[in-house]
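Peer 1: Pasting entry29.cif below, which is mmCIF, C-alpha atoms.
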```cif
data_upload
loop_
_atom_site.label_atom_id
_atom_site.label_comp_id
_atom_site.auth_asym_id
_atom_site.auth_seq_id
_atom_site.Cartn_x
_atom_site.Cartn_y
_atom_site.Cartn_z
CA MET A 1 173.81 -140.98 -72.29
CA ARG A 2 172.53 -137.48 -73.04
CA VAL A 3 169.38 -137.34 -75.15
CA GLY A 4 168.06 -134.12 -76.63
CA SER A 5 165.60 -133.01 -79.26
CA PHE A 6 166.36 -131.64 -82.72
CA VAL A 7 163.99 -128.82 -83.70
CA LEU A 8 163.66 -127.57 -87.27
CA ALA A 9 160.47 -125.51 -86.86
CA ALA A 10 159.30 -127.47 -89.90
CA GLN A 11 156.38 -126.05 -91.85
CA PHE A 12 154.15 -128.93 -92.91
CA PRO A 13 151.69 -128.58 -95.82
CA GLY A 14 148.71 -126.44 -94.86
CA GLN A 15 150.47 -124.84 -91.90
CA GLY A 16 151.55 -121.26 -91.41
CA GLU A 17 155.01 -120.19 -90.36
CA GLY A 18 153.76 -118.97 -87.00
CA GLU A 19 152.29 -122.38 -86.27
CA ALA A 20 155.61 -124.05 -87.04
CA LEU A 21 157.54 -121.66 -84.81
CA TYR A 22 155.06 -121.95 -81.95
CA ARG A 23 155.39 -125.74 -82.08
CA ALA A 24 159.17 -125.36 -81.98
CA VAL A 25 159.07 -123.17 -78.89
CA ARG A 26 156.49 -125.30 -77.14
CA SER A 27 158.35 -128.54 -77.84
CA ALA A 28 161.46 -127.05 -76.25
CA GLU A 29 159.57 -126.06 -73.13
CA VAL A 30 158.15 -129.57 -72.88
CA ALA A 31 161.64 -131.00 -73.41
CA GLU A 32 162.81 -129.37 -70.20
CA GLU A 33 159.73 -130.60 -68.33
CA ALA A 34 160.34 -134.12 -69.66
CA GLY A 35 163.95 -134.24 -68.51
CA LEU A 36 165.71 -134.10 -71.89
CA ASP A 37 169.29 -132.87 -71.89
CA THR A 38 169.42 -130.44 -74.82
CA VAL A 39 167.35 -128.81 -77.53
CA TRP A 40 169.24 -128.39 -80.82
CA LEU A 41 167.89 -125.71 -83.18
CA ALA A 42 168.23 -125.74 -86.95
CA GLU A 43 168.62 -122.67 -89.17
CA HIS A 44 167.29 -122.20 -92.70
CA HIS A 45 166.50 -119.31 -95.03
CA PHE A 46 163.64 -118.81 -97.48
CA VAL A 47 162.29 -122.39 -97.30
CA PRO A 48 159.48 -124.17 -95.41
CA TYR A 49 161.84 -127.06 -94.62
CA GLY A 50 162.66 -125.01 -91.53
CA THR A 51 161.20 -121.62 -90.65
CA CYS A 52 163.84 -120.48 -88.14
CA PRO A 53 166.29 -118.11 -89.92
CA SER A 54 168.46 -117.52 -86.84
CA ALA A 55 169.14 -120.44 -84.53
CA VAL A 56 171.10 -118.24 -82.14
CA THR A 57 168.15 -115.84 -81.78
CA LEU A 58 165.71 -118.65 -81.03
CA ALA A 59 168.28 -120.09 -78.62
CA ALA A 60 168.27 -116.80 -76.72
CA LEU A 61 164.50 -116.97 -76.32
CA LEU A 62 164.57 -120.57 -75.13
CA LEU A 63 167.44 -120.00 -72.71
CA GLY A 64 165.36 -117.25 -71.17
CA ARG A 65 162.31 -119.51 -70.86
CA THR A 66 164.14 -122.48 -69.35
CA ARG A 67 166.31 -123.01 -66.28
CA ARG A 68 168.07 -126.36 -66.71
CA LEU A 69 167.96 -127.25 -70.40
CA ARG A 70 171.04 -126.85 -72.58
CA VAL A 71 170.24 -125.12 -75.88
CA GLY A 72 172.40 -125.54 -78.97
CA THR A 73 172.40 -124.50 -82.62
CA ALA A 74 172.40 -127.27 -85.22
CA VAL A 75 173.66 -125.40 -86.96
CA SER A 76 174.51 -121.72 -87.25
CA VAL A 77 175.68 -121.25 -90.84
CA LEU A 78 179.07 -119.55 -91.13
CA SER A 79 178.88 -118.97 -94.88
CA THR A 80 176.16 -116.35 -94.39
CA THR A 81 177.27 -114.56 -91.23
CA HIS A 82 180.34 -112.79 -89.90
CA PRO A 83 182.17 -115.04 -87.43
CA VAL A 84 182.80 -112.17 -85.01
CA THR A 85 179.12 -111.27 -84.97
CA LEU A 86 178.23 -114.87 -84.19
CA GLY A 87 181.07 -115.09 -81.67
CA GLU A 88 179.76 -112.06 -79.78
CA GLN A 89 176.27 -113.56 -79.70
CA ALA A 90 177.58 -116.92 -78.52
CA ALA A 91 179.65 -115.31 -75.77
CA LEU A 92 176.65 -113.31 -74.62
CA LEU A 93 174.44 -116.40 -74.43
CA HIS A 94 177.15 -118.40 -72.67
CA ILE A 95 177.57 -115.78 -69.96
CA THR A 96 173.93 -114.87 -69.41
CA SER A 97 172.70 -118.49 -69.39
CA GLY A 98 175.28 -119.74 -66.92
CA GLY A 99 177.03 -121.87 -69.53
CA ARG A 100 173.96 -123.61 -71.00
CA PHE A 101 174.62 -122.69 -74.64
CA SER A 102 176.28 -124.91 -77.28
CA LEU A 103 177.33 -123.45 -80.63
CA GLY A 104 176.93 -125.86 -83.52
CA LEU A 105 178.52 -124.64 -86.75
CA GLY A 106 178.29 -125.64 -90.40
CA ARG A 107 179.07 -124.27 -93.83
CA GLY A 108 175.52 -124.65 -95.14
CA GLY A 109 174.79 -125.36 -98.79
CA PRO A 110 175.26 -123.73 -102.21
CA TRP A 111 171.94 -121.92 -101.85
CA VAL A 112 170.70 -118.49 -102.90
CA ASP A 113 171.37 -117.45 -99.27
CA LEU A 114 174.97 -116.81 -100.37
CA GLU A 115 173.75 -114.20 -102.84
CA VAL A 116 171.30 -112.54 -100.48
CA PHE A 117 173.76 -112.19 -97.58
CA GLY A 118 176.73 -111.31 -99.77
CA GLY A 119 179.06 -114.16 -98.87
CA GLY A 120 179.20 -115.51 -102.39
CA LEU A 121 180.00 -119.02 -103.55
CA ARG A 122 183.60 -118.82 -102.29
CA ALA A 123 182.34 -118.49 -98.72
CA TYR A 124 180.72 -121.89 -99.12
CA GLU A 125 183.35 -123.64 -101.22
CA SER A 126 186.54 -122.53 -99.47
CA GLY A 127 185.81 -120.01 -96.73
CA PHE A 128 184.61 -122.24 -93.90
CA PRO A 129 188.01 -123.05 -92.31
CA GLU A 130 188.98 -119.38 -92.08
CA SER A 131 185.61 -118.44 -90.59
CA LEU A 132 185.71 -121.33 -88.12
CA ASP A 133 189.20 -120.48 -86.91
CA LEU A 134 188.37 -116.81 -86.47
CA LEU A 135 185.24 -117.66 -84.50
CA VAL A 136 187.03 -120.13 -82.23
CA ARG A 137 189.77 -117.58 -81.56
CA TRP A 138 187.11 -115.04 -80.64
CA LEU A 139 185.70 -117.43 -78.06
CA ARG A 140 189.11 -118.32 -76.57
CA GLU A 141 191.35 -115.20 -76.66
CA PRO A 142 191.19 -111.77 -74.94
CA SER A 143 191.74 -109.85 -78.18
CA VAL A 144 191.69 -110.78 -81.85
CA ALA A 145 193.02 -109.48 -85.15
CA ALA A 146 192.52 -110.99 -88.60
CA ASP A 147 194.68 -111.06 -91.73
CA GLY A 148 193.01 -113.74 -93.82
CA GLU A 149 191.68 -114.01 -97.34
CA ARG A 150 188.15 -113.01 -96.38
CA TYR A 151 188.50 -111.17 -93.05
CA ARG A 152 191.07 -108.49 -92.23
CA PHE A 153 190.92 -106.10 -89.29
CA ARG A 154 193.13 -104.58 -86.61
CA GLU A 155 193.33 -106.11 -83.15
CA VAL A 156 190.25 -105.45 -81.05
CA PRO A 157 189.28 -106.57 -77.53
CA VAL A 158 186.76 -109.36 -77.09
CA VAL A 159 183.78 -107.92 -75.20
CA PRO A 160 182.19 -109.71 -73.45
CA ARG A 161 184.82 -112.37 -72.94
CA PRO A 162 183.27 -115.83 -72.54
CA SER A 163 185.73 -116.59 -69.75
CA GLU A 164 184.05 -113.89 -67.63
CA SER A 165 181.13 -116.26 -67.11
CA LEU A 166 180.85 -117.58 -63.57
CA THR A 167 180.91 -121.17 -64.80
CA GLU A 168 183.39 -124.03 -64.89
CA THR A 169 183.85 -123.70 -68.65
CA GLU A 170 185.69 -120.74 -70.13
CA GLY A 171 183.51 -120.53 -73.20
CA PRO A 172 180.62 -122.14 -75.04
CA GLU A 173 181.00 -125.61 -76.46
CA VAL A 174 181.68 -125.58 -80.23
CA VAL A 175 180.45 -128.49 -82.38
CA VAL A 176 181.02 -128.87 -86.13
CA ALA A 177 178.52 -130.46 -88.53
CA CYS A 178 180.44 -133.03 -90.58
CA THR A 179 179.21 -134.65 -93.79
CA SER A 180 182.46 -135.63 -95.52
CA PRO A 181 185.96 -136.90 -94.69
CA ALA A 182 187.29 -133.37 -95.31
CA SER A 183 185.00 -131.84 -92.70
CA VAL A 184 185.79 -134.67 -90.27
CA ARG A 185 189.51 -133.95 -90.62
CA LEU A 186 188.91 -130.22 -90.20
CA ALA A 187 187.06 -130.78 -86.92
CA ALA A 188 189.65 -133.28 -85.71
CA GLU A 189 192.55 -130.91 -86.35
CA ARG A 190 190.90 -128.39 -84.04
CA GLY A 191 189.78 -130.94 -81.46
CA LEU A 192 186.14 -130.01 -81.99
CA PRO A 193 183.37 -132.63 -81.62
CA MET A 194 181.19 -133.52 -84.59
CA LEU A 195 177.47 -133.34 -85.25
CA LEU A 196 176.59 -136.24 -87.58
CA GLY A 197 173.44 -136.12 -89.67
CA MET A 198 170.29 -138.18 -89.49
CA HIS A 199 170.62 -139.31 -93.13
CA ILE A 200 173.35 -141.85 -92.30
CA GLY A 201 173.35 -144.97 -90.14
CA ASP A 202 175.50 -146.41 -87.40
CA GLU A 203 178.16 -147.94 -89.66
CA GLU A 204 178.96 -144.69 -91.46
CA LYS A 205 178.89 -142.72 -88.21
CA ALA A 206 181.28 -145.21 -86.62
CA GLU A 207 183.64 -144.79 -89.58
CA MET A 208 183.54 -140.99 -89.22
CA VAL A 209 184.25 -141.20 -85.49
CA ALA A 210 187.19 -143.52 -86.16
CA LEU A 211 188.56 -141.14 -88.82
CA TRP A 212 188.19 -138.21 -86.41
CA GLN A 213 190.10 -140.10 -83.72
CA ARG A 214 192.93 -141.15 -86.07
CA HIS A 215 193.36 -137.66 -87.46
CA ALA A 216 193.13 -135.97 -84.06
CA ARG A 217 195.89 -138.20 -82.72
CA ALA A 218 198.00 -137.59 -85.83
CA CYS A 219 197.62 -133.84 -85.23
CA GLY A 220 198.94 -134.17 -81.70
CA ARG A 221 195.70 -134.18 -79.74
CA SER A 222 196.09 -135.90 -76.38
CA ALA A 223 194.59 -139.32 -75.69
CA ARG A 224 192.38 -137.73 -73.03
CA GLU A 225 191.08 -135.11 -75.47
CA VAL A 226 190.35 -137.75 -78.10
CA HIS A 227 188.59 -139.99 -75.61
CA ARG A 228 186.46 -137.19 -74.16
CA ALA A 229 185.25 -135.76 -77.48
CA ALA A 230 181.46 -135.58 -77.12
CA HIS A 231 180.16 -136.13 -80.65
CA VAL A 232 176.44 -135.79 -81.37
CA SER A 233 174.29 -138.13 -83.46
CA ALA A 234 171.19 -136.67 -85.12
CA GLY A 235 168.18 -138.89 -85.73
CA VAL A 236 164.41 -139.17 -85.72
CA CYS A 237 162.29 -140.36 -82.81
CA GLN A 238 158.62 -141.28 -82.87
CA ILE A 239 157.10 -143.31 -80.06
CA ALA A 240 153.91 -145.39 -80.09
CA ASP A 241 152.60 -148.54 -78.46
CA ARG A 242 153.23 -150.40 -81.73
CA ARG A 243 156.08 -149.87 -84.14
CA THR A 244 153.73 -149.85 -87.12
CA ASP A 245 151.77 -146.97 -85.58
CA ALA A 246 154.91 -144.90 -85.00
CA ALA A 247 156.10 -145.45 -88.56
CA GLU A 248 152.66 -144.72 -89.97
CA THR A 249 152.59 -141.36 -88.20
CA LEU A 250 155.81 -140.34 -89.90
CA LEU A 251 154.94 -141.85 -93.28
CA LYS A 252 151.72 -139.85 -93.35
CA ALA A 253 153.25 -136.50 -92.47
CA MET A 254 156.93 -136.30 -93.35
CA PRO A 255 156.92 -136.95 -97.13
CA GLY A 256 154.70 -133.92 -97.76
CA TRP A 257 156.91 -131.70 -95.63
CA LEU A 258 160.10 -133.05 -97.22
CA LYS A 259 158.75 -132.59 -100.74
CA GLN A 260 157.74 -128.96 -100.35
CA GLY A 261 160.72 -128.15 -98.14
CA LEU A 262 163.45 -129.68 -100.25
CA GLU A 263 161.98 -128.50 -103.55
CA ALA A 264 162.09 -124.91 -102.29
CA HIS A 265 165.90 -124.84 -102.09
CA VAL A 266 167.39 -122.74 -104.92
CA THR A 267 171.09 -123.02 -105.80
CA VAL A 268 173.06 -119.80 -106.08
CA ASP A 269 174.74 -120.74 -109.36
CA GLY A 270 172.05 -122.80 -111.07
CA ARG A 271 173.84 -126.10 -110.49
CA GLN A 272 171.71 -129.20 -110.80
CA ARG A 273 170.79 -130.94 -107.58
CA ARG A 274 169.36 -134.38 -106.96
CA MET A 275 166.51 -134.44 -104.47
CA ARG A 276 165.80 -137.51 -102.35
CA ASP A 277 162.50 -139.27 -102.90
CA PRO A 278 160.47 -138.03 -99.88
CA LEU A 279 158.69 -141.32 -99.18
CA ALA A 280 161.83 -143.44 -99.56
CA TYR A 281 163.77 -141.05 -97.36
CA THR A 282 161.10 -141.24 -94.63
CA GLU A 283 161.19 -145.03 -94.81
CA LEU A 284 164.98 -144.92 -94.50
CA LEU A 285 164.77 -142.70 -91.40
CA CYS A 286 162.20 -145.02 -89.82
CA GLY A 287 164.59 -147.93 -90.30
CA LEU A 288 167.69 -146.16 -89.00
CA HIS A 289 166.38 -144.45 -85.90
CA PRO A 290 164.28 -144.93 -82.72
CA VAL A 291 160.83 -145.21 -84.27
CA GLY A 292 158.52 -147.61 -82.43
CA THR A 293 157.77 -148.73 -78.90
CA PRO A 294 159.62 -147.21 -75.93
CA ARG A 295 161.60 -150.44 -75.55
CA LEU A 296 162.58 -150.46 -79.20
CA CYS A 297 163.58 -146.80 -79.05
CA ALA A 298 165.76 -147.35 -76.00
CA ASP A 299 167.38 -150.38 -77.64
CA ARG A 300 168.07 -148.42 -80.85
CA LEU A 301 169.73 -145.57 -78.95
CA ALA A 302 171.80 -147.99 -76.89
CA ALA A 303 172.84 -149.91 -80.02
CA THR A 304 173.90 -146.73 -81.83
CA SER A 305 175.92 -145.64 -78.82
CA GLU A 306 177.63 -149.03 -78.60
CA ARG A 307 178.41 -149.21 -82.32
CA THR A 308 179.63 -145.63 -82.73
CA GLY A 309 180.89 -144.59 -79.31
CA ILE A 310 178.56 -141.59 -79.43
CA SER A 311 176.62 -140.85 -76.26
CA ARG A 312 174.78 -137.66 -77.23
CA PHE A 313 171.69 -137.57 -79.41
CA ALA A 314 169.67 -134.87 -81.17
CA LEU A 315 166.33 -136.45 -82.10
CA LEU A 316 163.78 -134.93 -84.45
CA VAL A 317 160.55 -135.16 -82.45
CA GLU A 318 158.20 -133.07 -84.62
CA GLY A 319 157.84 -135.56 -87.48
CA SER A 320 154.07 -135.80 -87.00
CA GLY A 321 153.70 -132.12 -87.81
CA ASP A 322 151.10 -131.81 -85.05
CA LEU A 323 151.57 -129.81 -81.87
CA ALA A 324 149.72 -132.12 -79.50
CA ALA A 325 151.35 -135.22 -80.98
CA THR A 326 154.78 -133.60 -80.75
CA GLU A 327 154.25 -132.73 -77.09
CA GLU A 328 153.15 -136.30 -76.35
CA ASN A 329 156.15 -137.66 -78.23
CA VAL A 330 158.56 -135.57 -76.16
CA ARG A 331 156.87 -136.51 -72.89
CA ARG A 332 157.00 -140.21 -73.73
CA LEU A 333 160.65 -139.89 -74.69
CA GLY A 334 161.36 -138.46 -71.26
CA ALA A 335 159.08 -140.71 -69.22
CA GLU A 336 159.34 -144.07 -71.01
CA VAL A 337 162.66 -144.12 -72.90
CA LEU A 338 165.18 -142.16 -70.85
CA PRO A 339 164.72 -144.29 -67.69
CA GLN A 340 165.72 -147.37 -69.71
CA LEU A 341 169.01 -145.74 -70.70
CA VAL A 342 170.33 -145.08 -67.21
#
```
Represent the structure from my file as structure tokens, please.

Peer 2:
Amino acid sequence: MRVGSFVLAAQFPGQGEGEALYRAVRSAEVAEEAGLDTVWLAEHHFVPYGTCPSAVTLAALLLGRTRRLRVGTAVSVLSTTHPVTLGEQAALLHITSGGRFSLGLGRGGPWVDLEVFGGGLRAYESGFPESLDLLVRWLREPSVAADGERYRFREVPVVPRPSESLTETEGPEVVVACTSPASVRLAAERGLPMLLGMHIGDEEKAEMVALWQRHARACGRSAREVHRAAHVSAGVCQIADRRTDAAETLLKAMPGWLKQGLEAHVTVDGRQRRMRDPLAYTELLCGLHPVGTPRLCADRLAATSERTGISRFALLVEGSGDLAATEENVRRLGAEVLPQLV
């Protein structure tokens, strides 16, 4: 089982953006010290829900500050960036880190980001498959040309080529954030593992994994490829000596962050959006994920793995909103939970 942290650089009420980003960086450094497998970095624009606007840039910093830890994006948003630009960055990080970079991709949301970066609503509604395919080709082929609806250019060489890395893998791992049957099928067709969100529980994740497997086989993917697909389950983790104390920590801090963070999202076309009740959502997360004693947390992770077949986790560890508490949470995850999962 491979357990990592999920870092949003969340800006809690009363905090500055610098404080949120410093906590994000520090929690990643502690994650390596604590023996975690990976740090997954979120990307958001113009909202305090997450103050990191470029997951790949923060990944570069953290890869430079660590020696063992894998660093991944969760996710880099393809609707607001050129896939070749992101492909070049991913190749660079793969080569210079010795293969420690994972590229998580998603289409994002119908936010004002699409207006600011010029992608437009079509990039979100229909452009993701084209962008994903172009990016994957960039990471796998020596030269690439494009003749699609959104991207058209003559053949150019891929420099640097990911395969030039002195590692066992020819290029960075690519993971796709999936929130619907359509996105599950898209990932399965390409044989790409999924990142499944923290808002759903084991039953729904198991159903999505099963759909991915059925569709991958139907598309001609080998049994070995289907079996080895390393999907990732996102969740929340808060550790305390009593479960009530762990839940109380999150219930005190997360609703305020969720309220100001989710309310700040602005749709690009004025469409109405339904926002989750922050308190109810926090309670839901506490019930779904490893929130409680070290024993309970280990049991929850083991149960999720058994029910879903997923063996990789990206756990939100900064739910307290406090730097010292976040560091302690990460250290306890490494020292008191991971040994029970061996």

Peer 1: Going by the chain IDs and residue numbers used in this file, which residues fall under the PyMOL selection byres ((chain A and resi 261) around 8)? Write them as a PyMOL selection string.

Peer 2: chain A and resi 11+47-50+257-260+262-265

Peer 1: Residues as selected, C-alpha atoms, written as a PDB file, in the frame of the given file, can you do that?

Peer 2:
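File produced: selection_8.pdb:
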```
ATOM      1  CA  GLN A  11     156.380-126.050 -91.850  1.00  0.00           C
ATOM      2  CA  VAL A  47     162.290-122.390 -97.300  1.00  0.00           C
ATOM      3  CA  PRO A  48     159.480-124.170 -95.410  1.00  0.00           C
ATOM      4  CA  TYR A  49     161.840-127.060 -94.620  1.00  0.00           C
ATOM      5  CA  GLY A  50     162.660-125.010 -91.530  1.00  0.00           C
ATOM      6  CA  TRP A 257     156.910-131.700 -95.630  1.00  0.00           C
ATOM      7  CA  LEU A 258     160.100-133.050 -97.220  1.00  0.00           C
ATOM      8  CA  LYS A 259     158.750-132.590-100.740  1.00  0.00           C
ATOM      9  CA  GLN A 260     157.740-128.960-100.350  1.00  0.00           C
ATOM     10  CA  LEU A 262     163.450-129.680-100.250  1.00  0.00           C
ATOM     11  CA  GLU A 263     161.980-128.500-103.550  1.00  0.00           C
ATOM     12  CA  ALA A 264     162.090-124.910-102.290  1.00  0.00           C
ATOM     13  CA  HIS A 265     165.900-124.840-102.090  1.00  0.00           C
TER      14      HIS A 265
END
```

Peer 1: How would you write, as a PyMOL selection string, the residues chosen by the PyMOL selection byres ((chain A and resi 323) around 12) on this structure?

Peer 2: chain A and resi 9-12+15+19-28+30+317-322+324-330

Peer 1: Could you give me, as a list in words, the residues within 9 Å of A:Leu134, counting all atoms listed in the file and dropping anything in the same chain fewer than 2 positions from it?

Peer 2: Pro83, Val84, Gly87, Pro129, Glu130, Ser131, Leu132, Val136, Arg137, Trp138, Leu139, Val144, Ala145, Ala146 and Tyr151 of chain A

Peer 1: Hey, what's within 12 Å of A:Gln272 if we count all atoms listed in the file and toss same-chain stuff fewer than 4 positions away? As a list in words, please?

Peer 2: Pro110, Trp111, His265, Val266, Thr267 and Val268 of chain A

Peer 1: Between A:Pro181, A:Gly64, A:Gly191, A:Gly309, which residue has the minimum interatomic distance to A:Arg217, considering all atoms listed in the file?

Peer 2: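 Looking at the shortest contact to A:Arg217, the residue is A:Gly191.
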
Peer 1: May I have the residues at most 9 Å from (150.4, -133.4, -96.4) in the file's coordinates, counting all atoms listed in the file, as an mmCIF file with C-alpha atoms, in the frame of the given file?

Peer 2:
```cif
data_model
loop_
_atom_site.group_PDB
_atom_site.id
_atom_site.type_symbol
_atom_site.label_atom_id
_atom_site.label_comp_id
_atom_site.auth_asym_id
_atom_site.auth_seq_id
_atom_site.Cartn_x
_atom_site.Cartn_y
_atom_site.Cartn_z
ATOM 1 C CA PHE A 12 154.150 -128.930 -92.910
ATOM 2 C CA PRO A 13 151.690 -128.580 -95.820
ATOM 3 C CA GLY A 14 148.710 -126.440 -94.860
ATOM 4 C CA LYS A 252 151.720 -139.850 -93.350
ATOM 5 C CA ALA A 253 153.250 -136.500 -92.470
ATOM 6 C CA MET A 254 156.930 -136.300 -93.350
ATOM 7 C CA PRO A 255 156.920 -136.950 -97.130
ATOM 8 C CA GLY A 256 154.700 -133.920 -97.760
ATOM 9 C CA TRP A 257 156.910 -131.700 -95.630
#
```

Peer 1: Work out how far apart atom CA of A:Asp269 and atom CA of A:Leu103 are and give it in Å to one decimal.

Peer 2: 29.0 Å

Peer 1: So which residues fall inside 9 Å of (169.5, -129.8, -72.4) if we count all atoms listed in the file? Mind giving them as a PyMOL selection string?

Peer 2: chain A and resi 2-5+31-32+35-40+68-72+100

Peer 1: I'd like to know which of A:Asp299, A:Asp277, A:Glu155, A:Glu164 is closest to A:Ala91, using all atoms listed in the file.

Peer 2: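 Of the candidates, the smallest distance to A:Ala91 is held by A:Glu164.
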
Peer 1: Mind telling me what the PyMOL selection byres ((chain A and resi 201) around 12) catches here, as JSON, numbers by chain?

Peer 2: {"A": [196, 197, 198, 199, 200, 202, 203, 204, 205, 206, 207, 208, 233, 234, 235, 236, 284, 285, 286, 287, 288, 289, 290, 300, 301, 303, 304, 305, 307, 308]}

Peer 1: Let's have the selection written as a short mmCIF file (atom, residue, chain, number, x, y, z; two decimals), keeping the file's coordinate frame, with C-alpha atoms.

Peer 2:
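Everything below was put into selection_25.cif:
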```cif
data_model
loop_
_atom_site.label_atom_id
_atom_site.label_comp_id
_atom_site.auth_asym_id
_atom_site.auth_seq_id
_atom_site.Cartn_x
_atom_site.Cartn_y
_atom_site.Cartn_z
CA LEU A 196 176.59 -136.24 -87.58
CA GLY A 197 173.44 -136.12 -89.67
CA MET A 198 170.29 -138.18 -89.49
CA HIS A 199 170.62 -139.31 -93.13
CA ILE A 200 173.35 -141.85 -92.30
CA ASP A 202 175.50 -146.41 -87.40
CA GLU A 203 178.16 -147.94 -89.66
CA GLU A 204 178.96 -144.69 -91.46
CA LYS A 205 178.89 -142.72 -88.21
CA ALA A 206 181.28 -145.21 -86.62
CA GLU A 207 183.64 -144.79 -89.58
CA MET A 208 183.54 -140.99 -89.22
CA SER A 233 174.29 -138.13 -83.46
CA ALA A 234 171.19 -136.67 -85.12
CA GLY A 235 168.18 -138.89 -85.73
CA VAL A 236 164.41 -139.17 -85.72
CA LEU A 284 164.98 -144.92 -94.50
CA LEU A 285 164.77 -142.70 -91.40
CA CYS A 286 162.20 -145.02 -89.82
CA GLY A 287 164.59 -147.93 -90.30
CA LEU A 288 167.69 -146.16 -89.00
CA HIS A 289 166.38 -144.45 -85.90
CA PRO A 290 164.28 -144.93 -82.72
CA ARG A 300 168.07 -148.42 -80.85
CA LEU A 301 169.73 -145.57 -78.95
CA ALA A 303 172.84 -149.91 -80.02
CA THR A 304 173.90 -146.73 -81.83
CA SER A 305 175.92 -145.64 -78.82
CA ARG A 307 178.41 -149.21 -82.32
CA THR A 308 179.63 -145.63 -82.73
#
```

Peer 1: I need stretch 26-31 of chain A from the structure I supplied, saved as an mmCIF file, in the first residue's frame with all heavy atoms retained.

Peer 2:
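Result file is out.cif:
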```cif
data_model
loop_
_atom_site.group_PDB
_atom_site.id
_atom_site.type_symbol
_atom_site.label_atom_id
_atom_site.label_comp_id
_atom_site.auth_asym_id
_atom_site.auth_seq_id
_atom_site.Cartn_x
_atom_site.Cartn_y
_atom_site.Cartn_z
ATOM 1 N N ARG A 26 6.025 23.044 3.766
ATOM 2 C CA ARG A 26 6.550 22.397 4.968
ATOM 3 C C ARG A 26 5.931 21.008 5.167
ATOM 4 O O ARG A 26 6.628 20.059 5.557
ATOM 5 C CB ARG A 26 6.275 23.281 6.182
ATOM 6 C CG ARG A 26 6.816 22.734 7.489
ATOM 7 C CD ARG A 26 8.310 22.558 7.437
ATOM 8 N NE ARG A 26 8.801 21.814 8.601
ATOM 9 C CZ ARG A 26 9.814 20.978 8.558
ATOM 10 N NH1 ARG A 26 10.472 20.781 7.423
ATOM 11 N NH2 ARG A 26 10.192 20.346 9.654
ATOM 12 N N SER A 27 4.649 20.873 4.880
ATOM 13 C CA SER A 27 4.014 19.567 5.058
ATOM 14 C C SER A 27 4.596 18.536 4.100
ATOM 15 O O SER A 27 4.691 17.349 4.420
ATOM 16 C CB SER A 27 2.495 19.672 4.863
ATOM 17 O OG SER A 27 2.161 19.938 3.513
ATOM 18 N N ALA A 28 5.016 18.979 2.924
ATOM 19 C CA ALA A 28 5.643 18.062 1.973
ATOM 20 C C ALA A 28 7.017 17.625 2.461
ATOM 21 O O ALA A 28 7.400 16.449 2.340
ATOM 22 C CB ALA A 28 5.747 18.715 0.606
ATOM 23 N N GLU A 29 7.777 18.551 3.010
ATOM 24 C CA GLU A 29 9.086 18.195 3.550
ATOM 25 C C GLU A 29 8.944 17.187 4.692
ATOM 26 O O GLU A 29 9.705 16.214 4.784
ATOM 27 C CB GLU A 29 9.804 19.450 4.035
ATOM 28 C CG GLU A 29 10.185 20.407 2.906
ATOM 29 C CD GLU A 29 10.737 21.730 3.415
ATOM 30 O OE1 GLU A 29 10.383 22.128 4.548
ATOM 31 O OE2 GLU A 29 11.507 22.365 2.696
ATOM 32 N N VAL A 30 7.956 17.415 5.548
ATOM 33 C CA VAL A 30 7.719 16.492 6.654
ATOM 34 C C VAL A 30 7.237 15.139 6.139
ATOM 35 O O VAL A 30 7.557 14.092 6.708
ATOM 36 C CB VAL A 30 6.715 17.100 7.654
ATOM 37 C CG1 VAL A 30 6.332 16.092 8.734
ATOM 38 C CG2 VAL A 30 7.294 18.357 8.292
ATOM 39 N N ALA A 31 6.482 15.140 5.032
ATOM 40 C CA ALA A 31 6.001 13.888 4.453
ATOM 41 C C ALA A 31 7.168 12.985 4.067
ATOM 42 O O ALA A 31 7.118 11.769 4.275
ATOM 43 C CB ALA A 31 5.123 14.166 3.239
#
```
